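Shown here: start.txt, compact mmCIF, C-alpha atoms.
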```
# COMPACT_ATOMS: atom_id res chain seq x y z
CA MET W 1 29.73 -52.87 88.90
CA ALA W 2 27.79 -55.51 86.93
CA LEU W 3 28.99 -58.26 89.28
CA LEU W 4 28.03 -56.17 92.30
CA LEU W 5 24.55 -55.62 90.90
CA LEU W 6 24.24 -59.31 90.11
CA LEU W 7 24.97 -60.13 93.74
CA CYS W 8 22.13 -57.80 94.76
CA LEU W 9 19.59 -59.81 92.79
CA PRO W 10 17.30 -62.38 94.42
CA ALA W 11 18.61 -65.90 94.06
CA SER W 12 15.74 -66.87 91.74
CA ALA W 13 16.63 -64.03 89.37
CA GLN W 14 20.41 -64.60 89.18
CA VAL W 15 22.18 -65.86 86.08
CA SER W 16 25.82 -66.86 85.78
CA SER W 17 28.26 -64.01 85.23
CA ALA W 18 29.32 -65.63 81.94
CA ASP W 19 25.77 -65.30 80.61
CA LEU W 20 25.07 -61.89 82.10
CA PHE W 21 25.42 -59.96 78.85
CA LYS W 22 24.20 -62.61 76.45
CA PRO W 23 21.14 -61.59 74.42
CA VAL W 24 17.84 -63.19 75.32
CA VAL W 25 15.98 -61.64 72.38
CA THR W 26 16.71 -59.39 69.40
CA ILE W 27 14.22 -56.92 67.96
CA ASN W 28 15.08 -55.82 64.43
CA GLY W 29 18.70 -56.60 65.23
CA LYS W 30 18.73 -54.79 68.61
CA ALA W 31 19.53 -57.12 71.50
CA VAL W 32 18.07 -57.28 74.97
CA THR W 33 20.54 -58.89 77.38
CA ASN W 34 20.13 -61.02 80.47
CA PHE W 35 21.46 -58.12 82.51
CA GLU W 36 18.73 -55.79 81.27
CA VAL W 37 16.04 -58.37 82.00
CA GLN W 38 17.37 -58.98 85.51
CA GLN W 39 17.50 -55.23 86.17
CA ARG W 40 13.91 -54.75 85.00
CA ILE W 41 12.79 -57.69 87.13
CA VAL W 42 14.39 -56.07 90.19
CA MET W 43 12.68 -52.78 89.36
CA MET W 44 9.30 -54.48 88.93
CA LYS W 45 9.68 -56.37 92.18
CA LEU W 46 10.68 -53.14 93.86
CA PHE W 47 7.54 -51.58 92.37
CA ARG W 48 5.51 -54.59 93.58
CA THR W 49 4.25 -55.38 90.11
CA PRO W 50 1.73 -58.23 90.33
CA GLY W 51 1.85 -61.28 88.08
CA ASP W 52 4.73 -62.95 86.26
CA VAL W 53 7.34 -60.21 86.44
CA GLU W 54 9.88 -62.18 84.41
CA SER W 55 7.68 -62.33 81.31
CA GLN W 56 6.39 -58.81 81.91
CA ALA W 57 9.94 -57.49 82.20
CA LEU W 58 10.90 -58.97 78.85
CA ASP W 59 7.74 -57.68 77.17
CA ALA W 60 8.38 -54.20 78.58
CA LEU W 61 11.96 -54.20 77.30
CA ILE W 62 10.81 -55.33 73.85
CA ASP W 63 8.34 -52.44 73.80
CA ASP W 64 11.09 -50.04 74.87
CA ARG W 65 13.36 -51.27 72.03
CA LEU W 66 10.53 -50.60 69.59
CA ARG W 67 10.11 -47.12 71.03
CA PHE W 68 13.84 -46.41 70.63
CA LEU W 69 13.77 -47.74 67.04
CA ALA W 70 10.76 -45.60 66.17
CA ALA W 71 12.58 -42.53 67.49
CA GLU W 72 15.69 -43.48 65.53
CA ASP W 73 13.66 -43.74 62.32
CA LEU W 74 12.45 -40.18 62.87
CA GLY W 75 15.92 -38.91 63.71
CA LEU W 76 14.93 -38.07 67.28
CA SER W 77 17.35 -38.06 70.19
CA LEU W 78 17.64 -36.69 73.70
CA THR W 79 20.28 -34.58 75.33
CA GLU W 80 21.70 -35.60 78.68
CA GLU W 81 20.00 -32.53 80.15
CA GLN W 82 16.60 -33.73 78.90
CA ILE W 83 17.11 -37.17 80.38
CA GLN W 84 18.22 -35.75 83.71
CA ALA W 85 15.18 -33.48 83.69
CA GLY W 86 12.99 -36.55 83.11
CA GLU W 87 14.68 -38.36 85.99
CA THR W 88 14.22 -35.31 88.20
CA GLU W 89 10.53 -35.12 87.31
CA PHE W 90 10.05 -38.81 88.11
CA ALA W 91 11.88 -38.47 91.42
CA GLY W 92 9.86 -35.38 92.29
CA ARG W 93 6.69 -37.42 92.29
CA ALA W 94 8.06 -39.15 95.37
CA GLU W 95 9.12 -35.76 96.76
CA LEU W 96 12.78 -36.73 96.39
CA THR W 97 15.64 -35.12 94.54
CA ARG W 98 17.08 -36.96 91.55
CA ASP W 99 20.20 -37.92 93.54
CA GLU W 100 18.11 -39.22 96.45
CA PHE W 101 15.98 -41.30 94.09
CA LEU W 102 19.00 -42.76 92.29
CA GLN W 103 20.61 -43.58 95.63
CA ALA W 104 17.46 -45.42 96.75
CA LEU W 105 17.37 -47.41 93.49
CA ALA W 106 21.06 -48.22 93.77
CA GLY W 107 20.47 -49.53 97.27
CA ALA W 108 18.01 -52.00 95.77
CA GLY W 109 20.51 -53.07 93.10
CA VAL W 110 19.24 -50.98 90.18
CA ALA W 111 21.93 -49.33 88.06
CA ARG W 112 21.50 -45.71 87.06
CA GLU W 113 21.78 -46.81 83.39
CA SER W 114 18.74 -49.06 83.79
CA PHE W 115 16.65 -46.24 85.19
CA ARG W 116 18.06 -43.88 82.56
CA ASP W 117 16.93 -46.16 79.73
CA PHE W 118 13.52 -46.57 81.33
CA VAL W 119 13.05 -42.78 81.46
CA ALA W 120 14.54 -42.16 78.00
CA ALA W 121 12.20 -44.66 76.35
CA GLY W 122 9.18 -42.83 77.73
CA LEU W 123 10.50 -39.39 76.77
CA LEU W 124 11.35 -40.44 73.22
CA TRP W 125 8.02 -42.17 72.74
CA ARG W 126 6.26 -38.97 73.74
CA GLU W 127 8.21 -37.17 71.02
CA VAL W 128 7.48 -39.91 68.47
CA VAL W 129 3.72 -39.96 68.93
CA GLY W 130 3.59 -36.19 69.12
CA GLN W 131 5.41 -35.83 65.81
CA ARG W 132 3.45 -38.57 64.07
CA PHE W 133 -0.04 -37.95 65.35
CA SER W 134 -0.35 -34.45 66.82
CA ALA W 135 -1.38 -32.71 63.59
CA GLN W 136 -3.85 -35.46 62.75
CA ALA W 137 -5.38 -35.36 66.21
CA GLN W 138 -5.58 -31.56 66.12
CA ALA W 139 -7.47 -31.72 62.83
CA GLN W 140 -9.97 -34.22 64.24
CA VAL W 141 -11.10 -31.94 67.08
CA ASN W 142 -13.57 -29.33 65.86
CA GLU W 143 -15.53 -26.59 67.54
CA ASN W 144 -18.57 -28.84 67.98
CA ASP W 145 -16.44 -31.32 69.96
CA ILE W 146 -15.14 -28.55 72.20
CA GLN W 147 -18.56 -27.00 72.69
CA HIS W 148 -20.05 -30.38 73.54
CA ALA W 149 -17.30 -30.95 76.13
CA ILE W 150 -17.69 -27.59 77.84
CA SER W 151 -21.46 -27.27 77.58
CA ALA W 152 -21.74 -28.93 80.98
CA THR W 153 -20.13 -25.88 82.55
CA SER W 154 -22.06 -23.13 80.84
CA ARG W 155 -24.41 -23.21 83.89
CA ARG W 156 -26.77 -20.66 82.40
CA GLY W 157 -29.70 -22.89 83.34
CA GLY W 158 -28.17 -24.31 86.49
CA GLY W 159 -25.12 -26.04 87.92
CA VAL W 160 -23.55 -29.40 87.20
CA LYS W 161 -22.61 -32.09 89.71
CA VAL W 162 -20.24 -34.99 89.20
CA ASP W 163 -20.81 -38.54 90.37
CA PHE W 164 -17.37 -40.18 90.48
CA ALA W 165 -15.06 -42.67 92.15
CA GLU W 166 -11.42 -42.27 93.17
CA ILE W 167 -8.22 -44.22 93.65
CA ILE W 168 -5.50 -42.58 95.75
CA LEU W 169 -2.17 -44.33 95.21
CA PRO W 170 0.49 -43.78 97.90
CA ALA W 171 3.75 -42.35 96.51
CA ASN W 172 5.70 -41.41 99.63
CA THR W 173 8.81 -43.51 98.83
CA PRO W 174 10.66 -44.22 95.56
CA ALA W 175 9.26 -47.75 95.47
CA ALA W 176 5.73 -46.58 96.21
CA ALA W 177 5.99 -43.76 93.66
CA ALA W 178 7.15 -46.12 90.95
CA GLN W 179 4.38 -48.59 91.75
CA ALA W 180 1.84 -45.76 91.76
CA GLN W 181 3.08 -44.59 88.35
CA ARG W 182 2.76 -48.10 86.97
CA ILE W 183 -0.78 -48.58 88.26
CA ALA W 184 -1.84 -45.10 87.15
CA ALA W 185 -0.40 -45.72 83.67
CA GLU W 186 -2.28 -49.01 83.49
CA LEU W 187 -5.64 -47.62 84.61
CA GLY W 188 -5.50 -43.97 83.54
CA GLY W 189 -6.92 -42.83 80.23
CA THR W 190 -9.06 -45.95 79.84
CA THR W 191 -12.75 -46.75 79.96
CA MET W 192 -13.82 -49.60 82.22
CA SER W 193 -16.81 -50.94 84.08
CA GLU W 194 -17.69 -49.56 87.50
CA ALA W 195 -17.07 -53.02 88.94
CA ALA W 196 -13.54 -53.17 87.49
CA PHE W 197 -12.63 -49.72 88.83
CA SER W 198 -14.13 -50.55 92.22
CA SER W 199 -12.08 -53.74 92.36
CA ALA W 200 -8.92 -51.76 91.59
CA ALA W 201 -9.82 -49.22 94.29
CA ARG W 202 -10.25 -51.94 96.90
CA ARG W 203 -6.91 -53.41 95.89
CA TYR W 204 -4.74 -50.32 95.49
CA SER W 205 -6.30 -47.20 97.00
CA ALA W 206 -5.04 -45.71 100.26
CA SER W 207 -8.16 -43.58 100.71
CA PRO W 208 -10.88 -44.51 103.20
CA SER W 209 -13.20 -44.65 100.17
CA ARG W 210 -11.55 -47.93 99.18
CA GLY W 211 -14.13 -49.71 101.35
CA ARG W 212 -16.81 -48.33 99.00
CA GLY W 213 -14.86 -49.30 95.91
CA GLY W 214 -13.63 -45.71 95.64
CA ARG W 215 -17.14 -44.29 95.29
CA VAL W 216 -17.62 -40.74 96.56
CA PRO W 217 -20.93 -40.92 98.48
CA GLU W 218 -22.55 -37.74 97.13
CA PRO W 219 -22.22 -36.02 93.75
CA VAL W 220 -19.88 -33.02 93.93
CA PRO W 221 -20.49 -29.64 92.26
CA LEU W 222 -18.13 -29.49 89.29
CA GLY W 223 -16.93 -26.02 90.26
CA ASN W 224 -15.77 -27.28 93.67
CA LEU W 225 -13.17 -29.57 92.13
CA PRO W 226 -9.62 -28.49 91.28
CA ALA W 227 -9.69 -27.06 87.75
CA PRO W 228 -7.53 -29.78 86.08
CA ILE W 229 -9.77 -32.54 87.46
CA ALA W 230 -12.94 -30.68 86.45
CA GLN W 231 -11.54 -30.22 82.94
CA SER W 232 -10.80 -33.94 82.70
CA PHE W 233 -14.32 -34.91 83.68
CA LEU W 234 -15.69 -32.71 80.88
CA THR W 235 -14.07 -34.83 78.18
CA LEU W 236 -14.77 -38.29 79.62
CA PRO W 237 -17.64 -40.66 78.79
CA PRO W 238 -19.34 -42.48 81.68
CA GLY W 239 -16.84 -45.09 82.86
CA GLY W 240 -13.89 -43.04 81.61
CA VAL W 241 -10.83 -42.82 83.83
CA THR W 242 -8.71 -39.68 84.10
CA GLU W 243 -4.97 -39.54 83.69
CA ALA W 244 -2.89 -39.38 86.86
CA PHE W 245 -2.96 -36.27 89.07
CA PRO W 246 0.06 -35.91 91.39
CA ILE W 247 -0.87 -34.74 94.89
CA PRO W 248 1.34 -34.54 98.00
CA ASN W 249 2.82 -38.02 98.63
CA ALA W 250 0.28 -39.69 96.33
CA ILE W 251 -1.16 -39.98 92.84
CA ALA W 252 -4.90 -39.70 92.23
CA ILE W 253 -7.02 -41.08 89.41
CA PHE W 254 -10.78 -40.77 89.05
CA GLN W 255 -13.58 -42.50 87.17
CA LEU W 256 -16.55 -40.51 85.88
CA ARG W 257 -19.86 -42.19 86.66
CA ARG W 258 -22.18 -39.42 85.40
CA LEU W 259 -22.65 -35.66 85.05
CA ILE W 260 -25.86 -34.38 86.64
CA ASP W 261 -27.58 -31.15 85.56
CA THR W 262 -29.18 -29.26 88.44
CA ASP W 263 -31.20 -26.07 88.89
CA ASP W 264 -28.74 -24.66 91.42
CA PRO W 265 -27.13 -21.35 90.42
CA GLY W 266 -23.75 -21.81 88.81
CA GLU W 267 -21.12 -20.57 91.25
CA GLU W 268 -17.34 -20.75 91.08
CA PRO W 269 -15.19 -20.66 94.25
CA ILE W 270 -12.66 -17.84 94.30
CA ALA W 271 -11.44 -18.52 97.86
CA LEU W 272 -11.52 -21.45 100.25
CA GLU W 273 -11.28 -21.08 104.03
CA TYR W 274 -10.49 -24.26 105.90
CA ALA W 275 -9.10 -25.52 109.20
CA ARG W 276 -6.80 -28.44 109.97
CA PHE W 277 -6.69 -29.95 113.43
CA LEU W 278 -3.97 -32.58 113.92
CA ILE W 279 -4.62 -35.64 116.07
CA PRO W 280 -1.29 -37.38 116.92
CA GLY W 281 -1.04 -41.10 116.27
CA GLY W 282 -1.78 -41.46 112.55
CA ARG W 283 -4.86 -43.29 111.31
CA THR W 284 -5.89 -45.70 114.05
CA GLU W 285 -9.14 -46.73 115.68
CA ASP W 286 -8.25 -44.49 118.62
CA THR W 287 -7.55 -41.36 116.55
CA LEU W 288 -10.65 -41.94 114.42
CA ALA W 289 -12.68 -42.25 117.63
CA GLN W 290 -11.20 -38.94 118.83
CA ALA W 291 -12.13 -37.36 115.50
CA ALA W 292 -15.70 -38.64 115.85
CA LYS W 293 -15.95 -37.02 119.29
CA ILE W 294 -14.66 -33.73 117.87
CA ARG W 295 -17.15 -33.89 115.03
CA ALA W 296 -19.95 -34.30 117.53
CA ARG W 297 -18.78 -31.20 119.43
CA VAL W 298 -18.28 -28.75 116.57
CA ASP W 299 -20.62 -27.12 114.07
CA SER W 300 -18.16 -24.67 112.55
CA CYS W 301 -14.45 -23.91 112.35
CA ASN W 302 -14.85 -21.42 115.20
CA ASP W 303 -15.72 -24.28 117.56
CA LEU W 304 -12.32 -25.85 116.90
CA TYR W 305 -10.63 -23.13 118.94
CA GLY W 306 -12.30 -24.56 122.02
CA VAL W 307 -11.05 -28.05 121.11
CA ALA W 308 -7.49 -26.72 120.62
CA LYS W 309 -7.43 -24.59 123.79
CA GLY W 310 -4.28 -25.26 125.80
CA LEU W 311 -2.68 -27.35 123.01
CA PRO W 312 0.42 -26.41 120.98
CA PRO W 313 -0.59 -23.81 118.38
CA GLU W 314 0.60 -25.94 115.48
CA ARG W 315 -2.15 -28.47 116.21
CA LEU W 316 -4.75 -26.10 114.67
CA THR W 317 -4.27 -24.05 111.51
CA ARG W 318 -6.86 -22.01 109.65
CA GLU W 319 -6.20 -20.60 106.19
CA THR W 320 -7.89 -18.78 103.32
CA LYS W 321 -6.46 -19.48 99.87
CA ALA W 322 -7.34 -19.25 96.21
CA PRO W 323 -8.44 -22.72 95.02
CA ALA W 324 -5.36 -23.04 92.81
CA ASP W 325 -3.11 -22.51 95.85
CA VAL W 326 -4.69 -25.23 98.01
CA PRO W 327 -2.61 -28.46 98.12
CA GLY W 328 -4.13 -31.08 95.86
CA ASP W 329 -4.99 -33.65 98.52
CA ILE W 330 -6.73 -31.02 100.65
CA ALA W 331 -8.50 -29.53 97.62
CA ILE W 332 -9.99 -32.89 96.66
CA GLU W 333 -11.39 -33.42 100.14
CA LEU W 334 -12.72 -29.86 100.44
CA ALA W 335 -14.56 -30.31 97.14
CA LYS W 336 -16.73 -32.94 98.82
CA LEU W 337 -17.66 -30.75 101.80
CA ASP W 338 -20.16 -28.03 102.57
CA ALA W 339 -19.33 -25.34 105.13
CA GLY W 340 -19.14 -26.89 108.61
CA GLU W 341 -18.55 -30.42 107.30
CA SER W 342 -15.35 -32.32 107.96
CA SER W 343 -13.15 -35.09 106.60
CA THR W 344 -10.67 -37.50 108.18
CA ALA W 345 -9.35 -38.95 104.93
CA LEU W 346 -5.88 -37.37 105.23
CA THR W 347 -2.85 -37.79 107.44
CA SER W 348 0.12 -35.49 107.97
CA GLY W 349 3.27 -37.13 109.23
CA ASN W 350 2.21 -39.19 112.24
CA ALA W 351 -1.08 -37.33 112.73
CA LEU W 352 -4.64 -37.77 111.55
CA VAL W 353 -5.97 -34.58 109.95
CA PHE W 354 -9.41 -33.39 111.04
CA LEU W 355 -10.14 -31.18 108.03
CA MET W 356 -13.10 -28.79 108.11
CA LEU W 357 -14.39 -26.43 105.43
CA CYS W 358 -15.09 -23.05 107.03
CA GLY W 359 -16.59 -21.47 103.94
CA ARG W 360 -16.32 -20.74 100.24
CA THR W 361 -16.19 -17.30 98.72
CA THR W 362 -17.96 -17.80 95.40
CA ALA W 363 -18.84 -15.88 92.27
CA THR W 364 -21.84 -16.54 90.04
CA LEU W 365 -20.67 -17.51 86.57
CA ALA W 366 -21.89 -15.16 83.88
CA ASP W 367 -23.25 -16.25 80.53
CA PRO W 368 -20.15 -16.20 78.29
CA ASN W 369 -22.24 -14.46 75.59
CA SER W 370 -23.53 -11.82 77.99
CA ASN W 371 -22.46 -8.18 77.79
CA ASP W 372 -22.81 -7.78 81.55
CA SER W 373 -19.52 -6.37 82.80
CA SER W 374 -20.42 -6.21 86.46
CA ALA W 375 -18.01 -7.76 88.94
CA PRO W 376 -18.86 -11.16 90.49
CA ALA W 377 -20.77 -10.96 93.74
CA ALA W 378 -19.16 -12.91 96.58
CA THR W 379 -21.22 -14.90 99.01
CA ALA W 380 -21.20 -14.05 102.71
CA ASN W 381 -19.73 -17.37 103.84
CA ALA W 382 -16.16 -16.20 104.36
CA GLN W 383 -17.22 -12.82 105.76
CA GLU W 384 -19.55 -14.40 108.33
CA ALA W 385 -16.83 -16.84 109.35
CA ALA W 386 -14.33 -14.02 109.79
CA GLU W 387 -16.76 -12.04 111.94
CA ALA W 388 -17.48 -15.06 114.12
CA ARG W 389 -13.79 -15.74 114.50
CA ALA W 390 -13.15 -12.19 115.59
CA GLY W 391 -15.35 -12.77 118.65
CA ALA W 392 -13.91 -16.18 119.46
CA GLU W 393 -10.70 -17.17 121.19
CA ALA W 394 -8.64 -17.10 118.01
CA PRO W 395 -5.68 -15.44 116.33
CA GLU W 396 -6.25 -12.13 114.60
CA ALA W 397 -8.28 -12.67 111.45
CA SER W 398 -6.41 -12.49 108.18
CA GLU W 399 -7.51 -10.89 104.95
CA THR W 400 -9.93 -13.22 103.13
CA ALA W 401 -9.99 -11.55 99.72
CA VAL W 402 -8.09 -13.68 97.21
CA GLU W 403 -7.63 -12.62 93.64
CA GLY W 404 -8.25 -14.90 90.68
CA VAL W 405 -11.28 -16.82 89.50
CA PRO W 406 -10.47 -20.30 88.12
CA GLU W 407 -12.26 -21.14 84.87
CA VAL W 408 -12.49 -23.97 82.37
CA ARG W 409 -10.82 -22.73 79.22
CA ARG W 410 -11.59 -23.84 75.69
CA ALA W 411 -7.89 -24.31 74.95
CA ALA W 412 -7.51 -26.69 77.90
CA VAL W 413 -10.52 -28.73 76.83
CA ARG W 414 -9.22 -28.88 73.27
CA GLU W 415 -5.81 -30.02 74.47
CA ARG W 416 -7.40 -32.76 76.56
CA LEU W 417 -9.43 -34.04 73.58
CA VAL W 418 -6.34 -33.99 71.34
CA ASN W 419 -4.25 -35.87 73.90
CA GLN W 420 -6.89 -38.58 74.21
CA ILE W 421 -6.84 -39.10 70.44
CA ILE W 422 -3.02 -39.20 70.39
CA ALA W 423 -3.01 -41.80 73.18
CA GLY W 424 -5.30 -44.02 71.13
CA TYR W 425 -3.10 -43.69 68.06
CA ALA W 426 0.01 -44.39 70.14
CA GLU W 427 -1.36 -47.65 71.50
CA GLY W 428 -2.27 -48.86 68.02
CA TYR W 429 1.07 -47.76 66.58
CA LEU W 430 3.06 -49.70 69.19
CA ALA W 431 1.01 -52.80 68.46
CA GLU W 432 1.69 -52.31 64.73
CA LEU W 433 5.42 -51.94 65.33
CA LYS W 434 5.44 -55.14 67.35
CA ALA W 435 3.49 -57.08 64.73
CA ASN W 436 5.89 -55.98 61.97
CA ALA W 437 9.13 -56.41 63.94
CA ILE W 438 11.55 -59.30 63.48
CA ILE W 439 11.77 -60.69 67.00
CA LEU W 440 14.20 -63.57 67.46
CA TYR W 441 14.90 -65.63 70.56
CA PRO W 442 18.36 -67.35 70.53
```

Serialized structure, C-alpha cells:
Amino acid sequence: MALLLLLCLPASAQVSSADLFKPVVTINGKAVTNFEVQQRIVMMKLFRTPGDVESQALDALIDDRLRFLAAEDLGLSLTEEQIQAGETEFAGRAELTRDEFLQALAGAGVARESFRDFVAAGLLWREVVGQRFSAQAQAQVNENDIQHAISATSRRGGGVKVDFAEIILPANTPAAAAQAQRIAAELGGTTMSEAAFSSAARRYSASPSRGRGGRVPEPVPLGNLPAPIAQSFLTLPPGGVTEAFPIPNAIAIFQLRRLIDTDDPGEEPIALEYARFLIPGGRTEDTLAQAAKIRARVDSCNDLYGVAKGLPPERLTRETKAPADVPGDIAIELAKLDAGESSTALTSGNALVFLMLCGRTTATLADPNSNDSSAPAATANAQEAAEARAGAEAPEASETAVEGVPEVRRAAVRERLVNQIIAGYAEGYLAELKANAIILYP
C-alpha cells in the first residue's frame, strides 16, 4: 500500500522507498516520517494550498504532534466511532458520504490513515482546549458583556442594520471542500482590515460580490439575516470575521463593517415567501442577459407566472417557509432583498437562479421587559401576495402561516463570547507548546 501511494505522488514529492518511513523531525520524542510529510503535501496540493506546501506540511504535522501530546498529557483519547463521526462530518460539508469522500481521497493517493490522523488531531485539540480553558472563559463572560452584545437587538428605539462583506467559498467537491475549510479556518474568527478581507474575497470568493471585494452594497436589517449569522455579528468588533457557516455546496464567512442604529420599527420575519426561476446554462453572459430582461419585465413574483408560461413547471417554484427552514444560500440572498427585488447570485445544477423575494411575514419585537402578552401582528405582505396569486395564472395558493419566531437568545450570545475567548487561549497555548518542545531534525 505504501509503495502504491508513493507511486501516486508527483515526481517532485517522491522519496526513495528506503527512506519512506525515516523520520524527518522528532517532537518530544515523537517522529514525523517522510511518508507523513509526502501525504500531507499531496493533501495540501489537492486542497490547492498556496505557498510553499512542503514547509507548510511539515509545520502542520509538527502542530498536530503537539496536539496529540497535549491530549495524551490530559489522558484524552478518541473511540473509532468518534473519529468516524468526525470524518463523516467533514465529508458532509462536501455533500458526500464518508465512503465517497475517502474514495475520492484515495484516488488522489491519500491513505485513509492520513486523513484519519488529520481529523483526530482536530477532534482531540477541541477536547484539550475545552478542558483547559472552558471554565476560565466561562468565568470571564459576565452579564454586562452579554447585555452589551445583545443590546443592538433590543430594538425598543428602532431597528439595527448591518454593513458587512462576504466570502462564499465553493465546496462542491472533496478537494474544494477541503480547500474551503482551510481558507475559512485561516480567515474565520480573526480581525483584519477591510482591505485585507476585500483582497481575500477577490481571490477566493465564488459570489458575484467578489468584484466589490465582497462588500454587500446596502446595509441589511439584522433581523433579515439567518439567526446564527445575526448572533455572530452581535459579538464582533468592526473588522471582525465570523467563523465558517456551511451552506449548500459552499462555506460562507462574513466581516462586520459596522452596526447601524435606525428609527425603523424592530420587526422579525416569521415567514419568507420567495420564487425561484431557473435559467438553463449556468452563469454566463447570455443567462445573465436573460435575467436582466426578466428583471425589467417583472415587479412582483406574480409576474413570473407570465415569464414561465408554457415552460416545464419545474422551471418556476414558489414557496413560503419559516426562516430557519430556508436553505442557507437562499436565506443569505433573501436577507439583502425587499419584496419584489431579485438576485442572480446563485446557481442550481446547470441553471442560473433568478431569485425573487415575494414578501416577508413579520412580527414587531416586544420590549423584553414589557408585560404585554398580545400576539405579534403580522404584516400584510404575504397575504397580499397570496391574494394576487389567486387571481393570476398560478397553482393553487398554499397556506402561508408558519409557526415559530426566530430570536437571538442570551445563551447563544454567551456561548459565542466564550468560544471566542477559548479560541484566543488555544492559539497562545499551541505557540507555548511549540516554544517549549524539543524539536530535533536528524

Subject >> Distance criterion (all atoms listed in the file): nearest to Ala289 (chain W) out of W:Gly211, W:Leu74, W:Leu352, W:Glu89 >> reply: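 The shortest atom-to-atom distance to Ala289 (chain W) comes from W:Leu352.
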
Subject >> Gap from CA of Ile421 (chain W) to CA of Thr79 (chain W) - Å, one decimal >> reply: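 Between CA of Ile421 (chain W) and CA of Thr79 (chain W) the gap works out to 27.9 Å.
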
**OP:** For each of W:Asn249, W:Asn302, W:Ser343, W:Asn28, take the minimum atom-to-atom distance to Ala178 (chain W), counting only C-alpha atoms, then give the residue where this is smallest.
**Re:** W:Asn249

Subject >> Spatial sel., origin (-12.4, -34.6, 117.5), limit 10 Å, only C-alpha atoms, listed as a count of residues only >> reply: 21

Original post:
Around (17.7, -69.3, 66.1) in the file's own coordinates, what residues are found within 12 Å if you use all atoms listed in the file, given back as a PyMOL selection string?
Top reply: chain W and resi 23-26+439-442

Original post:
Interatomic distance between CA of Gly213 (chain W) and CA of Thr190 (chain W)?
Top reply: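 If I compute the distance from CA of Gly213 (chain W) to CA of Thr190 (chain W), I get 17.4 Å.
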
Original post:
Just how far from CA of Pro327 (chain W) is CA of Ala250 (chain W), in Å to one decimal?
Top reply: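 Interatomic distance, CA of Ala250 (chain W) to CA of Pro327 (chain W): 11.7 Å.
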
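Counting only C-alpha atoms and comparing W:Met356, W:Val413, W:Ala57, W:Ile62, the residue that lies closest to Glu143 (chain W) is W:Val413.
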
**OP:** Tell me which of W:Thr173, W:Thr191, W:Asn436, W:Asn419 sits closest to Ala137 (chain W), counting only C-alpha atoms.
**Re:** W:Asn419

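The shortest atom-to-atom distance to Gly240 (chain W), with all atoms listed in the file taken into account, belongs to W:Gly189 out of W:Pro219, W:Gly189, W:Gly214, W:Pro323.
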
**OP:** Find, counting all atoms listed in the file, the residue in W:Gly109, W:Gly122, W:Pro217, W:Gly86 that gets nearest to Ala60 (chain W).
**Re:** W:Gly122

**OP:** Do a neighbour search on Glu166 (chain W) at 9 Å with only C-alpha atoms, toss out local chain neighbours closer than 6 positions, and write the hits as a ChimeraX atom specification.
**Re:** /W:197-198,201,205,207,209-210,213-216,252-255

Subject >> 12 Å contact set for Thr49 (chain W), only C-alpha atoms, chain neighbours under 5 positions out, as a list in words >> reply: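 Answer for this query is Arg40, Ile41, Val42, Met43, Met44, Glu54, Ser55, Gln56, Ala57, Ala175, Ala176, Ala178, Gln179, Ala180, Gln181, Arg182, Ile183, Glu186 and Tyr204 of chain W.
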